[in-house]
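**Student:** So that you have it, the file is coords.cif, and it contains mmCIF, C-alpha atoms and all ligand atoms:
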```cif
data_upload
#
loop_
_atom_site.label_atom_id
_atom_site.label_comp_id
_atom_site.auth_asym_id
_atom_site.auth_seq_id
_atom_site.Cartn_x
_atom_site.Cartn_y
_atom_site.Cartn_z
CA MET A 150 0.00 0.00 0.00
CA THR A 151 1.39 3.34 -1.07
CA GLU A 152 1.04 6.33 1.23
CA VAL A 153 1.02 9.89 -0.08
CA ILE A 154 2.62 12.40 2.28
CA VAL A 155 2.55 16.16 1.86
CA VAL A 156 5.21 18.31 3.50
CA THR A 157 3.53 21.67 3.92
CA SER A 158 3.56 24.87 5.99
CA GLY A 159 1.81 27.83 4.43
CA LYS A 160 4.71 30.10 5.27
CA GLY A 161 7.77 30.09 3.01
CA GLY A 162 11.31 29.23 3.95
CA VAL A 163 10.56 27.23 7.08
CA GLY A 164 12.27 24.01 5.95
CA LYS A 165 9.82 22.05 3.78
CA THR A 166 12.32 21.14 1.09
CA THR A 167 15.05 20.36 3.63
CA SER A 168 12.57 18.14 5.50
CA SER A 169 11.21 16.45 2.36
CA ALA A 170 14.75 15.51 1.31
CA ALA A 171 15.78 14.44 4.82
CA ILE A 172 12.68 12.37 5.55
CA GLY A 173 12.62 10.84 2.07
CA THR A 174 16.24 9.85 2.54
CA GLY A 175 15.49 8.46 6.01
CA LEU A 176 12.64 6.30 4.72
CA ALA A 177 14.83 4.98 1.90
CA LEU A 178 17.64 4.26 4.40
CA LYS A 179 15.13 2.09 6.26
CA GLY A 180 14.50 0.18 3.03
CA TYR A 181 11.24 1.76 1.90
CA ARG A 182 10.85 2.53 -1.77
CA THR A 183 10.41 6.29 -1.72
CA VAL A 184 9.94 9.06 -4.26
CA VAL A 185 10.16 12.75 -3.41
CA VAL A 186 8.12 14.94 -5.74
CA ASP A 187 8.90 18.65 -6.09
CA PHE A 188 5.62 20.58 -6.44
CA ASP A 189 7.33 23.97 -6.36
CA VAL A 190 6.89 24.57 -10.08
CA GLY A 191 8.93 27.56 -11.23
CA LEU A 192 11.18 27.47 -8.15
CA ARG A 193 12.69 24.03 -8.34
CA ASN A 194 15.10 23.38 -5.46
CA LEU A 195 14.68 19.82 -4.30
CA ASP A 196 17.13 18.70 -7.01
CA LEU A 197 19.85 20.94 -5.50
CA ILE A 198 19.21 19.78 -1.94
CA MET A 199 19.34 16.15 -3.09
CA GLY A 200 22.35 16.72 -5.31
CA CYS A 201 20.88 15.63 -8.64
CA GLU A 202 20.54 19.05 -10.32
CA ARG A 203 22.73 18.09 -13.26
CA ARG A 204 20.68 15.02 -14.06
CA VAL A 205 17.31 16.73 -14.59
CA VAL A 206 16.03 16.27 -18.13
CA TYR A 207 12.25 15.99 -17.81
CA ASP A 208 10.09 17.15 -14.93
CA LEU A 209 6.70 16.87 -13.25
CA VAL A 210 5.04 19.30 -15.67
CA ASN A 211 6.30 17.29 -18.67
CA VAL A 212 4.69 14.17 -17.21
CA VAL A 213 1.46 15.98 -16.28
CA LYS A 214 1.25 17.34 -19.84
CA LYS A 215 2.19 13.95 -21.34
CA GLU A 216 5.31 15.37 -22.97
CA ALA A 217 7.37 12.68 -21.28
CA ASN A 218 6.60 9.48 -19.47
CA LEU A 219 7.19 8.91 -15.79
CA ASN A 220 10.30 6.79 -16.23
CA GLN A 221 11.97 9.48 -18.28
CA ALA A 222 11.40 12.05 -15.56
CA LEU A 223 12.19 9.99 -12.45
CA ILE A 224 15.77 10.40 -11.22
CA LYS A 225 17.24 7.52 -9.26
CA ASP A 226 19.40 8.57 -6.30
CA LYS A 227 23.06 7.62 -6.70
CA ARG A 228 23.49 6.72 -3.05
CA LEU A 229 20.34 4.82 -2.16
CA GLU A 230 18.78 2.00 -4.13
CA GLU A 231 15.22 2.80 -3.04
CA LEU A 232 15.23 6.59 -3.44
CA TYR A 233 13.87 8.55 -6.42
CA ILE A 234 13.27 12.21 -7.21
CA LEU A 235 10.65 13.73 -9.49
CA PRO A 236 11.84 17.31 -10.10
CA ALA A 237 9.70 20.37 -10.71
CA SER A 238 9.84 22.47 -13.82
CA GLN A 239 12.00 25.58 -13.65
CA THR A 240 10.46 27.45 -16.57
CA ARG A 241 6.71 27.16 -16.15
CA ASP A 242 4.42 28.42 -13.43
CA LYS A 243 2.13 26.68 -10.98
CA ASP A 244 -0.86 26.92 -13.29
CA ALA A 245 0.86 24.36 -15.50
CA LEU A 246 -0.42 21.71 -13.07
CA ASP A 247 -3.99 20.44 -13.24
CA ILE A 248 -5.72 18.08 -10.88
CA GLU A 249 -6.40 15.34 -13.46
CA GLY A 250 -2.79 15.35 -14.57
CA VAL A 251 -1.48 15.22 -11.02
CA ALA A 252 -3.96 12.42 -10.22
CA ARG A 253 -2.57 10.43 -13.12
CA VAL A 254 1.03 10.91 -11.98
CA ILE A 255 0.14 9.79 -8.44
CA GLU A 256 -1.64 6.71 -9.84
CA GLU A 257 1.38 5.84 -11.98
CA LEU A 258 3.70 6.20 -9.00
CA LYS A 259 1.43 3.91 -6.99
CA ALA A 260 1.48 1.40 -9.83
CA ALA A 261 5.30 1.62 -9.78
CA ASN A 262 5.13 0.15 -6.27
CA PHE A 263 6.44 3.03 -4.22
CA ASP A 264 5.84 2.73 -0.48
CA TYR A 265 5.93 6.47 0.06
CA ILE A 266 5.25 9.41 -2.25
CA ILE A 267 6.50 12.59 -0.57
CA CYS A 268 5.10 15.82 -1.97
CA ASP A 269 7.28 18.87 -1.27
CA SER A 270 4.75 21.71 -1.27
CA PRO A 271 5.44 25.26 -2.38
CA ALA A 272 4.73 28.06 0.12
CA GLY A 273 1.36 29.77 0.16
CA ILE A 274 -2.19 28.49 0.00
CA GLU A 275 -2.72 28.89 -3.72
CA LYS A 276 -2.97 26.38 -6.52
CA GLY A 277 0.50 24.85 -6.21
CA ALA A 278 0.10 24.19 -2.51
CA LEU A 279 -3.43 22.84 -3.00
CA MET A 280 -2.20 20.42 -5.70
CA ALA A 281 0.55 19.17 -3.39
CA LEU A 282 -1.83 18.41 -0.54
CA TYR A 283 -4.91 17.28 -2.46
CA PHE A 284 -4.09 13.56 -2.64
CA ALA A 285 -2.37 13.28 0.75
CA ASP A 286 -2.99 10.49 3.25
CA ARG A 287 -0.67 12.07 5.80
CA ALA A 288 0.65 15.61 6.24
CA ILE A 289 3.86 16.79 7.82
CA VAL A 290 3.26 20.37 8.93
CA VAL A 291 6.63 22.13 9.15
CA THR A 292 6.62 24.93 11.70
CA ASN A 293 9.25 27.32 13.01
CA PRO A 294 9.01 28.60 16.61
CA GLU A 295 7.86 32.01 15.46
CA VAL A 296 4.45 33.76 15.36
CA SER A 297 3.79 33.96 11.61
CA SER A 298 4.85 30.37 11.01
CA VAL A 299 2.57 29.03 13.76
CA ARG A 300 -0.39 31.03 12.50
CA ASP A 301 0.17 29.88 8.90
CA SER A 302 0.46 26.27 10.06
CA ASP A 303 -2.92 26.57 11.71
CA ARG A 304 -4.34 27.94 8.48
CA ILE A 305 -2.89 25.01 6.55
CA LEU A 306 -4.46 22.58 9.04
CA GLY A 307 -7.82 24.13 8.20
CA ILE A 308 -7.17 23.66 4.50
CA LEU A 309 -6.08 20.04 4.94
CA ALA A 310 -9.38 19.43 6.72
CA SER A 311 -11.53 21.09 4.05
CA LYS A 312 -9.86 21.16 0.64
CA SER A 313 -8.14 17.77 0.34
CA LYS A 314 -9.52 14.83 -1.59
CA ARG A 315 -10.06 12.97 1.68
CA ALA A 316 -12.16 15.88 2.94
CA GLU A 317 -14.15 16.18 -0.28
CA ASP A 318 -14.81 12.44 -0.48
CA LYS A 319 -15.72 12.40 3.24
CA LEU A 320 -13.09 9.75 3.95
CA GLU A 321 -11.05 9.43 7.11
CA PRO A 322 -9.20 12.76 7.53
CA ILE A 323 -5.54 13.26 6.63
CA ARG A 324 -3.24 12.17 9.48
CA GLU A 325 -1.42 15.29 10.63
CA HIS A 326 2.09 15.43 12.08
CA LEU A 327 3.84 18.44 13.57
CA LEU A 328 7.50 18.92 12.68
CA VAL A 329 9.13 21.82 14.48
CA THR A 330 12.30 22.96 12.74
CA ARG A 331 15.03 25.52 13.42
CA TYR A 332 14.50 25.13 17.17
CA SER A 333 16.96 26.77 19.49
CA ALA A 334 16.79 25.47 23.06
CA SER A 335 18.94 28.32 24.37
CA ARG A 336 16.66 30.97 22.88
CA VAL A 337 13.65 29.22 24.35
CA GLU A 338 15.35 29.14 27.72
CA ASN A 339 15.97 32.89 27.49
CA GLY A 340 12.31 33.56 26.77
CA ASP A 341 13.01 34.80 23.26
CA MET A 342 11.51 31.89 21.34
CA LEU A 343 8.20 30.02 21.56
CA ALA A 344 8.71 26.76 23.42
CA LEU A 345 7.85 23.39 21.96
CA SER A 346 5.05 22.97 24.52
CA ASP A 347 3.53 26.29 23.39
CA ILE A 348 3.50 25.24 19.74
CA GLU A 349 2.04 21.84 20.57
CA GLU A 350 -0.67 23.46 22.66
CA LEU A 351 -1.54 26.02 19.97
CA LEU A 352 -1.68 23.64 17.02
CA ALA A 353 -2.88 20.57 18.92
CA ILE A 354 -1.61 17.90 16.55
CA PRO A 355 0.76 15.01 17.38
CA LEU A 356 4.45 15.84 17.38
CA LEU A 357 6.65 14.05 14.85
CA GLY A 358 9.91 15.67 15.80
CA VAL A 359 11.99 18.70 16.64
CA ILE A 360 14.90 19.65 14.39
CA PRO A 361 17.39 22.00 16.01
CA GLU A 362 18.76 25.06 14.25
CA SER A 363 21.94 23.56 12.87
CA LEU A 364 24.99 24.33 10.81
CA ALA A 365 24.77 20.77 9.51
CA VAL A 366 21.69 21.73 7.46
CA LEU A 367 23.59 24.50 5.70
CA ARG A 368 26.56 22.23 5.05
CA ALA A 369 24.27 19.50 3.74
CA SER A 370 22.60 21.85 1.28
CA ASN A 371 25.97 23.26 0.22
CA SER A 372 27.08 19.80 -0.80
CA GLY A 373 23.78 18.43 -2.06
CA ILE A 374 23.72 15.58 0.44
CA PRO A 375 20.52 15.36 2.53
CA VAL A 376 21.36 15.99 6.19
CA THR A 377 20.09 12.53 7.16
CA PHE A 378 23.33 11.11 5.76
CA ASP A 379 25.26 13.17 8.33
CA GLN A 380 24.48 10.86 11.20
CA GLU A 381 27.05 12.53 13.41
CA SER A 382 25.06 15.77 13.32
CA ASP A 383 22.24 16.84 15.64
CA ALA A 384 19.90 17.65 12.73
CA GLY A 385 20.68 14.35 10.97
CA GLN A 386 19.89 12.40 14.13
CA ALA A 387 16.76 14.44 14.81
CA TYR A 388 15.45 13.70 11.29
CA LEU A 389 16.16 9.98 11.70
CA ASP A 390 14.27 10.02 15.02
CA ALA A 391 11.37 11.73 13.25
CA VAL A 392 11.38 9.03 10.56
CA ASP A 393 11.30 6.36 13.27
CA ARG A 394 8.28 8.02 14.85
CA PHE A 395 6.67 8.36 11.44
CA LEU A 396 6.96 4.59 11.12
CA GLY A 397 5.20 4.18 14.45
CA ASN A 398 8.14 3.67 16.81
CA LYS A 399 8.43 5.39 20.17
CA VAL A 400 11.62 7.44 20.29
CA PRO A 401 12.51 9.93 23.06
CA LEU A 402 12.94 13.58 22.04
CA ARG A 403 16.46 14.93 21.78
CA PHE A 404 17.97 18.40 21.28
CA VAL A 405 15.11 20.20 23.03
CA ASN A 406 16.96 21.20 26.18
CA THR A 407 20.14 23.15 26.73
CA LYS A 408 22.80 21.28 28.61
CA LYS A 409 22.24 21.89 32.30
CA ARG A 410 24.79 24.25 33.76
CA SER A 411 26.18 23.91 37.23
CA PHE A 412 25.89 26.69 39.79
CA ILE A 413 29.58 27.51 39.33
CA GLN A 414 29.16 27.72 35.55
CA ARG A 415 26.22 30.05 36.02
CA LEU A 416 28.13 32.15 38.49
CA PHE A 417 30.89 32.74 35.95
CA ASN A 418 28.42 32.85 33.10
CA THR A 419 30.27 30.33 30.96
CA LYS A 420 27.17 29.65 29.01
CA GLU A 421 27.52 27.94 25.68
CA GLY A 422 25.61 29.49 22.84
CA ALA A 423 24.97 32.61 24.92
CA SER A 424 25.38 34.70 21.82
CA ALA A 425 23.09 32.49 19.74
CA MET B 183 25.19 40.69 33.57
CA SER B 184 25.58 41.60 37.22
CA TRP B 185 25.58 38.88 39.86
CA ILE B 186 22.17 40.10 41.02
CA ASP B 187 20.74 38.97 37.66
CA LEU B 188 21.66 35.38 38.44
CA PHE B 189 18.87 35.28 40.96
CA ARG B 190 16.33 37.24 39.00
CA LYS B 191 14.36 34.86 36.84
CA THR B 192 12.00 37.33 35.23
CA LYS B 193 13.70 38.87 32.23
CA SER B 194 11.71 40.31 29.38
CA ASN B 195 9.91 37.28 28.04
CA THR B 196 8.59 38.01 24.58
CA ALA B 197 7.85 34.33 23.97
CA VAL B 198 4.99 34.55 26.48
CA THR B 199 3.57 37.56 24.62
CA ALA B 200 3.87 35.66 21.36
CA LYS B 201 1.94 32.72 22.75
CA GLU B 202 -0.87 34.87 24.13
CA ARG B 203 -1.27 36.75 20.86
CA LEU B 204 -1.32 33.51 18.90
CA GLN B 205 -3.96 31.99 21.19
CA ILE B 206 -6.31 34.87 20.43
CA VAL B 207 -5.72 35.15 16.70
CA ILE B 208 -5.83 31.39 16.08
CA SER B 209 -9.04 30.82 18.00
CA HIS B 210 -10.66 33.72 16.17
CA GLU B 211 -9.54 32.48 12.75
CA ARG B 212 -10.66 28.94 13.51
CA THR B 213 -14.22 30.00 14.33
CA ARG B 214 -14.36 32.31 11.37
CA ASN B 215 -13.04 29.72 8.96
CA SER B 216 -15.36 27.05 10.30
CA GLN B 217 -18.51 29.12 9.79
CA PRO B 218 -18.04 31.23 6.68
CA ASP B 219 -21.24 29.73 5.23
CA LEU B 220 -23.27 30.55 8.29
CA ILE B 221 -22.33 34.23 8.24
CA SER B 222 -22.81 34.66 4.51
CA ALA B 223 -26.14 32.81 4.61
CA MET B 224 -27.28 35.13 7.38
CA GLN B 225 -26.15 38.18 5.40
CA THR B 226 -28.12 37.03 2.36
CA GLU B 227 -31.27 36.45 4.37
CA ILE B 228 -31.06 39.79 6.11
CA LEU B 229 -30.72 41.46 2.71
CA THR B 230 -33.79 39.64 1.39
CA ILE B 231 -35.93 40.70 4.34
CA VAL B 232 -34.80 44.32 4.16
CA ALA B 233 -35.47 44.37 0.43
CA LYS B 234 -38.95 42.95 0.95
CA TYR B 235 -40.04 45.52 3.55
CA LEU B 236 -38.49 48.51 1.83
CA GLY B 237 -39.52 47.47 -1.63
CA ILE B 238 -36.00 47.78 -2.98
CA PRO B 239 -35.52 45.88 -6.25
CA ALA B 240 -33.20 42.88 -5.91
CA ASP B 241 -30.57 44.36 -8.24
CA LYS B 242 -30.38 47.60 -6.20
CA ILE B 243 -30.16 45.98 -2.81
CA GLN B 244 -26.36 45.84 -2.71
CA GLU B 245 -26.22 49.62 -3.23
CA GLN B 246 -28.50 50.54 -0.36
CA VAL B 247 -27.85 47.96 2.30
CA ARG B 248 -24.51 46.82 3.67
CA VAL B 249 -24.01 44.02 6.15
CA ASP B 250 -20.50 43.81 7.63
CA VAL B 251 -18.96 41.55 10.19
CA GLU B 252 -16.28 43.12 12.29
CA ARG B 253 -14.27 42.05 15.27
CA ARG B 254 -14.13 44.33 18.29
CA GLY B 255 -12.11 43.01 21.19
CA GLU B 256 -13.58 39.71 22.31
CA HIS B 257 -16.75 40.00 20.21
CA SER B 258 -17.72 39.85 16.59
CA VAL B 259 -20.13 42.60 15.59
CA LEU B 260 -22.61 42.29 12.76
CA GLU B 261 -23.13 45.75 11.35
CA LEU B 262 -26.14 46.74 9.26
CA ASN B 263 -26.07 49.94 7.20
CA ILE B 264 -29.26 50.84 5.39
CA THR B 265 -29.81 53.89 3.21
CA LEU B 266 -33.59 54.37 3.29
CA PRO B 267 -35.22 55.24 -0.03
CA ASP B 268 -36.37 58.90 -0.12
CA ALA B 269 -40.09 58.11 -0.26
CA LEU B 270 -39.86 56.08 2.89
CA SER B 271 -37.92 58.71 4.81
CA VAL B 272 -40.56 61.32 3.98
CA LYS B 273 -43.44 59.15 5.19
CA ASN B 274 -41.75 58.82 8.57
N1 LIG A 501 17.24 23.04 11.03
C1 LIG A 501 17.78 24.03 10.30
N2 LIG A 501 18.89 24.68 10.74
C2 LIG A 501 19.43 25.70 10.01
N3 LIG A 501 18.96 26.11 8.83
C3 LIG A 501 17.85 25.50 8.34
C4 LIG A 501 17.21 24.44 9.04
N4 LIG A 501 16.14 24.04 8.30
C5 LIG A 501 16.13 24.81 7.20
N5 LIG A 501 17.16 25.69 7.20
C6 LIG A 501 17.48 26.68 6.17
O1 LIG A 501 16.33 27.48 5.94
C7 LIG A 501 16.26 27.85 4.57
C8 LIG A 501 14.92 27.44 3.98
O2 LIG A 501 14.83 26.02 3.96
P1 LIG A 501 13.96 25.25 2.87
O3 LIG A 501 14.37 25.66 1.51
O4 LIG A 501 14.00 23.81 3.20
O5 LIG A 501 12.54 25.87 3.21
P2 LIG A 501 11.18 25.72 2.35
O6 LIG A 501 10.10 25.71 3.37
O7 LIG A 501 11.27 24.59 1.43
O8 LIG A 501 11.19 27.09 1.55
P3 LIG A 501 10.16 27.49 0.35
O9 LIG A 501 8.89 27.89 1.04
O10 LIG A 501 10.83 28.62 -0.34
O11 LIG A 501 10.00 26.27 -0.49
C9 LIG A 501 17.43 27.17 3.88
O12 LIG A 501 18.46 28.09 3.74
C10 LIG A 501 17.81 26.06 4.84
O13 LIG A 501 19.17 25.74 4.75
MG MG A 502 10.88 24.51 -0.69
#
```
Take the structure in this file and express it as structure tokens.

**Tutor:**
Amino acid sequence: MTEVIVVTSGKGGVGKTTSSAAIGTGLALKGYRTVVVDFDVGLRNLDLIMGCERRVVYDLVNVVKKEANLNQALIKDKRLEELYILPASQTRDKDALDIEGVARVIEELKAANFDYIICDSPAGIEKGALMALYFADRAIVVTNPEVSSVRDSDRILGILASKSKRAEDKLEPIREHLLVTRYSASRVENGDMLALSDIEELLAIPLLGVIPESLAVLRASNSGIPVTFDQESDAGQAYLDAVDRFLGNKVPLRFVNTKKRSFIQRLFNTKEGASA
Amino acid sequence: MSWIDLFRKTKSNTAVTAKERLQIVISHERTRNSQPDLISAMQTEILTIVAKYLGIPADKIQEQVRVDVERRGEHSVLELNITLPDALSVKN
């Protein structure tokens, strides 16, 4: 049984593409046949984050418009046997997608025996974002600990519950998962950043994971290697934990607290990350 | 940071402000988004009734009657603005 997962947020730049690449990679590392589909038509970026930008020939729009077949457009990851990418078009705009065409692509991917189809949504709540979430069985709502991101996530939750195929067909609702990214425990401790518990209380959906603000993410995107491969890094480990939870395993949260400082350390204010 | 600060827990905590503001705006937007049909249905019916009693033709109704929903503090206010036709004003 194939599951369709949308990675969405409303707000731009919160880490959807980073998370799509990292979670797709994590699922493939666990042996699941996974394809990550870039729905950000006109602003293709997933290819860069996954390091296959020089191998793009055909894209999602070509397949939707029947200018190429699925196999021509799918890019097989060089590192993982079970991982594929379906890139977005760089030259067209989001109106190039239509619901029938996208439905056909999803059906073909299901027929190609993928376990997971991950849809990397563009920002916003317009057509492109609606296309990315329409066929979803599960949604990963990416949220930064910041007011506009939390509000937009709530808006997206409303849209998932009203404008998706599951909502229109009156089927069981989309399963929602909260993924908090760019979290800084030290800023939370200083009272400058919304705490995880605040975000959970406000959005009231189950928590999939917390990804710390991390240099490893920047380095990963610089080199085109999803951060999940960097299993030494905090962000890489946090994404792998999230994948484990996604698969139904119970995994304790990490990277949500600052290291406890002793009284002496506090007295001399030798606080790590004090400038962060 | 002076050593006094070590014992003073209450610094400026903007995260608390952020949470309180979000609680209000999110709960408001949730109710609004969950009943857009209810409000617009009510607006339409109010317009029909006003048109009937004032004898305003259906195609003129939008010009003479306005129904707005506005939020003031904790409450939503339904505002009705009616420009009475001249004939009617004179009779009164
Ligand atoms: N955990 C993190 N730590 C540090 N930087 C991060 C983290 N997650 C994402 N970023 C950075 O934030 C920026 C935006 O990330 P990304 O492109 O994944 O967001 P997006 O939601 O896909 O954006 P868009 O809405 O434009 O598609 C990138 O520069 C990325 O490197
Ligand atoms: Mg993106």

**Student:** Fewer than 6 positions away in the same chain doesn't count, so skip those; otherwise give me all residues within 12 Å of Ala365 in chain A, counting only C-alpha atoms, as an MDAnalysis selection string.

**Tutor:** chainID A and resid 167 171 331 371:388

**Student:** For Tyr332 in chain A, work out the shell of residues within 9 Å, counting all atoms listed in the file and skipping chain neighbours fewer than 3 positions away, then give it as a VMD selection string.

**Tutor:** chain A and resid 293 to 294 329 336 to 337 342 344 to 345 359 to 363 404 to 405

**Student:** Please, could you write that set of residues out with C-alpha atoms as an mmCIF file, in the coordinates of the input?

**Tutor:**
```
data_model
loop_
_atom_site.group_PDB
_atom_site.id
_atom_site.type_symbol
_atom_site.label_atom_id
_atom_site.label_comp_id
_atom_site.auth_asym_id
_atom_site.auth_seq_id
_atom_site.Cartn_x
_atom_site.Cartn_y
_atom_site.Cartn_z
ATOM 1 C CA ASN A 293 9.250 27.320 13.010
ATOM 2 C CA PRO A 294 9.010 28.600 16.610
ATOM 3 C CA VAL A 329 9.130 21.820 14.480
ATOM 4 C CA ARG A 336 16.660 30.970 22.880
ATOM 5 C CA VAL A 337 13.650 29.220 24.350
ATOM 6 C CA MET A 342 11.510 31.890 21.340
ATOM 7 C CA ALA A 344 8.710 26.760 23.420
ATOM 8 C CA LEU A 345 7.850 23.390 21.960
ATOM 9 C CA VAL A 359 11.990 18.700 16.640
ATOM 10 C CA ILE A 360 14.900 19.650 14.390
ATOM 11 C CA PRO A 361 17.390 22.000 16.010
ATOM 12 C CA GLU A 362 18.760 25.060 14.250
ATOM 13 C CA SER A 363 21.940 23.560 12.870
ATOM 14 C CA PHE A 404 17.970 18.400 21.280
ATOM 15 C CA VAL A 405 15.110 20.200 23.030
#
```

**Student:** Have a look at A:Ile267, A:Met150, A:Val163, A:Leu178 and name the one nearest to ligand MG 502 (chain A); count all atoms listed in the file.

**Tutor:**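 The closest residue to ligand MG 502 (chain A) is A:Val163.
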
**Student:** Here's a test: counting only C-alpha atoms, identify every protein, DNA and RNA residue with an atom at most 12 Å from (-1.3, 31.0, -14.2) in the file's coordinate frame, and state them as a VMD selection string.

**Tutor:** chain A and resid 190 to 191 241 to 247 275 to 277

**Student:** All residues within 8 Å of ligand LIG 501 (chain A) are required, counting all atoms listed in the file; please report them as JSON, numbers by chain.

**Tutor:** {"A": [157, 158, 159, 160, 161, 162, 163, 164, 165, 166, 167, 168, 169, 189, 192, 194, 269, 270, 271, 272, 273, 291, 330, 331, 332, 360, 361, 362, 363, 364, 365, 366, 367, 370, 384]}

**Student:** Around the point (3.7, 19.0, -4.1) in the file's coordinates, collect all residues with an atom within 10 Å, using all atoms listed in the file, and return them as a ChimeraX atom specification.

**Tutor:** /A:154-157,185-190,209,237,251,266-271,277-285

**Student:** Nearest residue to chain B out of A:Leu306, A:Ala261, A:Val254, A:Val206, using only C-alpha atoms?

**Tutor:** A:Leu306

**Student:** Output the contact residues of chain A with respect to chain B at a cut-off of 7 Å, based on all atoms listed in the file, as a short mmCIF file (atom, residue, chain, number, x, y, z; two decimals) with C-alpha atoms, in the frame of the given file.

**Tutor:**
```cif
data_model
loop_
_atom_site.label_atom_id
_atom_site.label_comp_id
_atom_site.auth_asym_id
_atom_site.auth_seq_id
_atom_site.Cartn_x
_atom_site.Cartn_y
_atom_site.Cartn_z
CA VAL A 296 4.45 33.76 15.36
CA ARG A 300 -0.39 31.03 12.50
CA GLY A 340 12.31 33.56 26.77
CA ASP A 341 13.01 34.80 23.26
CA MET A 342 11.51 31.89 21.34
CA LEU A 343 8.20 30.02 21.56
CA ASP A 347 3.53 26.29 23.39
CA LEU A 351 -1.54 26.02 19.97
#
```

**Student:** Find the residues near Glu245 in chain B: any atom within 12 Å, counting all atoms listed in the file, skip ones fewer than 6 places away on the same chain, and give them as a PyMOL selection string.

**Tutor:** chain B and resi 229+233+238-239+263-267

**Student:** Would you kindly return, as number ranges by chain, each protein, DNA or RNA residue with an atom no farther than 10 Å from any atom of Gly180 in chain A, considering all atoms listed in the file and excluding same-chain residues fewer than 4 positions away?

**Tutor:** A: 174-176, 229-232, 264

**Student:** Store the residues picked out above, limited to C-alpha atoms, as an mmCIF file, in the frame of the given file.

**Tutor:**
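Result written to again_20.cif:
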```
data_model
loop_
_atom_site.group_PDB
_atom_site.id
_atom_site.type_symbol
_atom_site.label_atom_id
_atom_site.label_comp_id
_atom_site.auth_asym_id
_atom_site.auth_seq_id
_atom_site.Cartn_x
_atom_site.Cartn_y
_atom_site.Cartn_z
ATOM 1 C CA THR A 174 16.240 9.850 2.540
ATOM 2 C CA GLY A 175 15.490 8.460 6.010
ATOM 3 C CA LEU A 176 12.640 6.300 4.720
ATOM 4 C CA LEU A 229 20.340 4.820 -2.160
ATOM 5 C CA GLU A 230 18.780 2.000 -4.130
ATOM 6 C CA GLU A 231 15.220 2.800 -3.040
ATOM 7 C CA LEU A 232 15.230 6.590 -3.440
ATOM 8 C CA ASP A 264 5.840 2.730 -0.480
#
```

**Student:** Would you compute the distance between CA of Arg193 in chain A and CA of Gln239 in chain A? Give it in Å to one decimal.

**Tutor:**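 Value for the CA of Arg193 in chain A-CA of Gln239 in chain A distance: 5.6 Å.
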
**Student:** For Ala260 in chain A, please output as a list in words all residues within 9 Å (counting all atoms listed in the file; exclusion window: fewer than 4 positions along the same chain).

**Tutor:**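 In the requested form, the answer reads Thr151, Ile255 and Glu256 of chain A.
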
**Student:** When you count all atoms listed in the file, which of these residues is closest to Lys259 in chain A: A:Ala310, A:Ile323, A:Leu219, A:Ile305?

**Tutor:**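 So, comparing all the options, the nearest one is A:Leu219.
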
**Student:** Could you check the closest approach to ligand MG 502 (chain A) for each of A:Arg403, A:Pro236, A:Val213, A:Asn220 and tell me which residue wins, using all atoms listed in the file?

**Tutor:**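 Ranking A:Arg403, A:Pro236, A:Val213, A:Asn220 by distance to ligand MG 502 (chain A), first place goes to A:Pro236.
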
**Student:** What's the separation between CA of Glu317 in chain A and CA of Thr183 in chain A, in Å to one decimal place?

**Tutor:** 26.5 Å

**Student:** Rank B:Ile206, B:Gln244, B:Leu220, B:Asp250 by their smallest atom-to-atom distance to Val232 in chain B, using all atoms listed in the file, and report the top residue only.

**Tutor:**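 Result for the nearest residue to Val232 in chain B: B:Gln244.
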
**Student:** Using Å and a single decimal, report how far CA of Leu223 in chain A sits from CA of Ile198 in chain A.

**Tutor:**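 Going from CA of Ile198 in chain A over to CA of Leu223 in chain A covers 16.0 Å.
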
**Student:** Find the residue from A:Leu197, A:Val210, A:Ala177, A:Ala222 that sits nearest to ligand MG 502 (chain A); use all atoms listed in the file when measuring.

**Tutor:**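 Of A:Leu197, A:Val210, A:Ala177, A:Ala222, the one nearest ligand MG 502 (chain A) is A:Leu197, counting all atoms listed in the file.
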